[in-house]
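Visitor: The structure under discussion is supplied below as structure tokens; questions concerning it will follow.
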Amino acid sequence: MRKKWYVRYGMVFAALLLLAGCKPTVKIISPLNGSTHDFNEAITFSGTGSDFNDGDLTGTALVWTSSRDGQIGTGETFVKSDLSAGVHTITLTATNSHGQSRSAKVTITVGNPSIVEITEDINTDTTWK
């Protein structure tokens, strides 16, 4: 009987280690991959993260970053309207209570970085010789 208990105990211990070693799941709901947004547009960032042991992840367990602007927010949902113009890789990283993390990424464009407006004053009094 004692030998069986150790075998069972070892299996339970191994199962607990396996579950504690699981990384969380993470999903970006918005913005959509490949979407384009106007400069200074209010963009809604929404995503989820969950972990077998911790359940739904919220607050600082969900960190949003931009490849251009660095950390831009935390939590499941927030709105941001001051992203710099250009192409951004947006990353949502979910971290569980064991410090394990997993990330999801989308690419968005803010403004139209391929169009440049040039303004030039023209002097109508120019004399050509």
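We label chains A, B, ... in the order they appear in the structure tokens, count residues from 1 in each chain, and number ligands from 1 in the order shown.
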I want to know what sits within 6 Å of Thr91 in chain A, based on only C-alpha atoms, with residues of the same chain fewer than 5 positions away left out; could you give that as a ChimeraX atom specification?

Guide: /A:64-65,104-105

Visitor: List the neighbours of Asp56 in chain A out to 12 Å using only C-alpha atoms; skip same-chain residues closer than 2 positions along the sequence, and give me the result as a PyMOL selection string.

Guide: chain A and resi 24-27+47-54+58-59+61-62+75-76+94-97

Visitor: I need the chosen residues saved as a PDB file, in the first residue's frame, with N, CA and C atoms.

Guide:
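part-v2.pdb was written with the following content:
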ATOM      1  N   PRO A  24      -0.161  31.243 -20.334  1.00  0.00           N
ATOM      2  CA  PRO A  24      -1.526  31.723 -20.549  1.00  0.00           C
ATOM      3  C   PRO A  24      -1.874  31.790 -22.031  1.00  0.00           C
ATOM      4  N   THR A  25      -3.165  31.912 -22.318  1.00  0.00           N
ATOM      5  CA  THR A  25      -3.608  32.159 -23.688  1.00  0.00           C
ATOM      6  C   THR A  25      -3.879  33.654 -23.816  1.00  0.00           C
ATOM      7  N   VAL A  26      -3.752  34.176 -25.041  1.00  0.00           N
ATOM      8  CA  VAL A  26      -3.954  35.604 -25.261  1.00  0.00           C
ATOM      9  C   VAL A  26      -4.548  35.813 -26.652  1.00  0.00           C
ATOM     10  N   LYS A  27      -5.441  36.806 -26.773  1.00  0.00           N
ATOM     11  CA  LYS A  27      -6.077  37.094 -28.053  1.00  0.00           C
ATOM     12  C   LYS A  27      -6.355  38.586 -28.164  1.00  0.00           C
ATOM     13  N   GLY A  47      -8.660  43.045 -25.794  1.00  0.00           N
ATOM     14  CA  GLY A  47      -8.087  41.709 -25.869  1.00  0.00           C
ATOM     15  C   GLY A  47      -8.385  40.921 -24.611  1.00  0.00           C
ATOM     16  N   THR A  48      -8.065  39.646 -24.667  1.00  0.00           N
ATOM     17  CA  THR A  48      -8.297  38.768 -23.523  1.00  0.00           C
ATOM     18  C   THR A  48      -7.049  37.944 -23.238  1.00  0.00           C
ATOM     19  N   GLY A  49      -6.957  37.526 -22.004  1.00  0.00           N
ATOM     20  CA  GLY A  49      -5.916  36.609 -21.584  1.00  0.00           C
ATOM     21  C   GLY A  49      -6.469  35.716 -20.500  1.00  0.00           C
ATOM     22  N   SER A  50      -6.102  34.456 -20.515  1.00  0.00           N
ATOM     23  CA  SER A  50      -6.552  33.552 -19.461  1.00  0.00           C
ATOM     24  C   SER A  50      -5.468  32.519 -19.178  1.00  0.00           C
ATOM     25  N   ASP A  51      -5.568  31.952 -17.987  1.00  0.00           N
ATOM     26  CA  ASP A  51      -4.572  31.003 -17.524  1.00  0.00           C
ATOM     27  C   ASP A  51      -5.289  29.883 -16.777  1.00  0.00           C
ATOM     28  N   PHE A  52      -4.789  28.668 -16.900  1.00  0.00           N
ATOM     29  CA  PHE A  52      -5.423  27.517 -16.255  1.00  0.00           C
ATOM     30  C   PHE A  52      -5.553  27.731 -14.755  1.00  0.00           C
ATOM     31  N   ASN A  53      -4.500  28.250 -14.120  1.00  0.00           N
ATOM     32  CA  ASN A  53      -4.514  28.433 -12.663  1.00  0.00           C
ATOM     33  C   ASN A  53      -5.140  29.756 -12.245  1.00  0.00           C
ATOM     34  N   ASP A  54      -4.867  30.833 -12.992  1.00  0.00           N
ATOM     35  CA  ASP A  54      -5.292  32.172 -12.588  1.00  0.00           C
ATOM     36  C   ASP A  54      -6.670  32.567 -13.124  1.00  0.00           C
ATOM     37  N   THR A  58      -6.384  40.163 -15.998  1.00  0.00           N
ATOM     38  CA  THR A  58      -6.838  41.542 -16.125  1.00  0.00           C
ATOM     39  C   THR A  58      -5.733  42.486 -15.661  1.00  0.00           C
ATOM     40  N   GLY A  59      -5.993  43.782 -15.769  1.00  0.00           N
ATOM     41  CA  GLY A  59      -5.079  44.791 -15.238  1.00  0.00           C
ATOM     42  C   GLY A  59      -3.682  44.681 -15.810  1.00  0.00           C
ATOM     43  N   ALA A  61      -1.637  42.365 -15.746  1.00  0.00           N
ATOM     44  CA  ALA A  61      -1.276  41.063 -16.316  1.00  0.00           C
ATOM     45  C   ALA A  61      -1.391  41.085 -17.836  1.00  0.00           C
ATOM     46  N   LEU A  62      -2.063  42.121 -18.379  1.00  0.00           N
ATOM     47  CA  LEU A  62      -2.193  42.306 -19.826  1.00  0.00           C
ATOM     48  C   LEU A  62      -1.520  43.631 -20.200  1.00  0.00           C
ATOM     49  N   GLY A  75      -4.466  46.152 -19.403  1.00  0.00           N
ATOM     50  CA  GLY A  75      -5.837  45.724 -19.183  1.00  0.00           C
ATOM     51  C   GLY A  75      -6.507  45.203 -20.431  1.00  0.00           C
ATOM     52  N   GLU A  76      -7.775  44.856 -20.266  1.00  0.00           N
ATOM     53  CA  GLU A  76      -8.539  44.237 -21.339  1.00  0.00           C
ATOM     54  C   GLU A  76      -8.954  45.219 -22.424  1.00  0.00           C
ATOM     55  N   ALA A  94       0.251  38.601 -22.218  1.00  0.00           N
ATOM     56  CA  ALA A  94      -0.438  38.132 -21.010  1.00  0.00           C
ATOM     57  C   ALA A  94       0.575  37.397 -20.144  1.00  0.00           C
ATOM     58  N   THR A  95       0.633  37.761 -18.851  1.00  0.00           N
ATOM     59  CA  THR A  95       1.578  37.141 -17.923  1.00  0.00           C
ATOM     60  C   THR A  95       0.802  36.590 -16.731  1.00  0.00           C
ATOM     61  N   ASN A  96       1.055  35.309 -16.403  1.00  0.00           N
ATOM     62  CA  ASN A  96       0.348  34.694 -15.278  1.00  0.00           C
ATOM     63  C   ASN A  96       1.108  34.913 -13.971  1.00  0.00           C
ATOM     64  N   SER A  97       0.535  34.426 -12.872  1.00  0.00           N
ATOM     65  CA  SER A  97       1.136  34.628 -11.547  1.00  0.00           C
ATOM     66  C   SER A  97       2.456  33.885 -11.369  1.00  0.00           C
TER      67      SER A  97
END

Visitor: Would you work out the distance separating CA of Lys23 in chain A from CA of Ser67 in chain A, expressed in Å to one decimal?

Guide: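 A separation of 23.2 Å between them.
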
Visitor: Name the residues in contact with Thr77 in chain A at a cut-off of 8 Å, using only C-alpha atoms, excluding same-chain residues fewer than 4 positions from it; report them as a list of chain:residue names.

Guide: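 Residues meeting the cut-off are A:Thr44, A:Phe45, A:Ser46, A:Gly47.
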
Visitor: By how many Å are CA of Ala85 in chain A and CA of Thr60 in chain A apart?

Guide: 26.2 Å

Visitor: Grab the CA of Cys22 in chain A to CA of His88 in chain A distance for me, in Å with one decimal place.

Guide: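 Atom-to-atom, CA of Cys22 in chain A to CA of His88 in chain A, that is 29.2 Å.
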
Visitor: Identify all residues of range 22-107 of chain A in strand (DSSP E or B) (DSSP on the backbone) and supply them as number ranges by chain.

Guide: A: 25-30, 36-37, 43-51, 55-56, 62-66, 70-74, 77-80, 86-95, 101-107
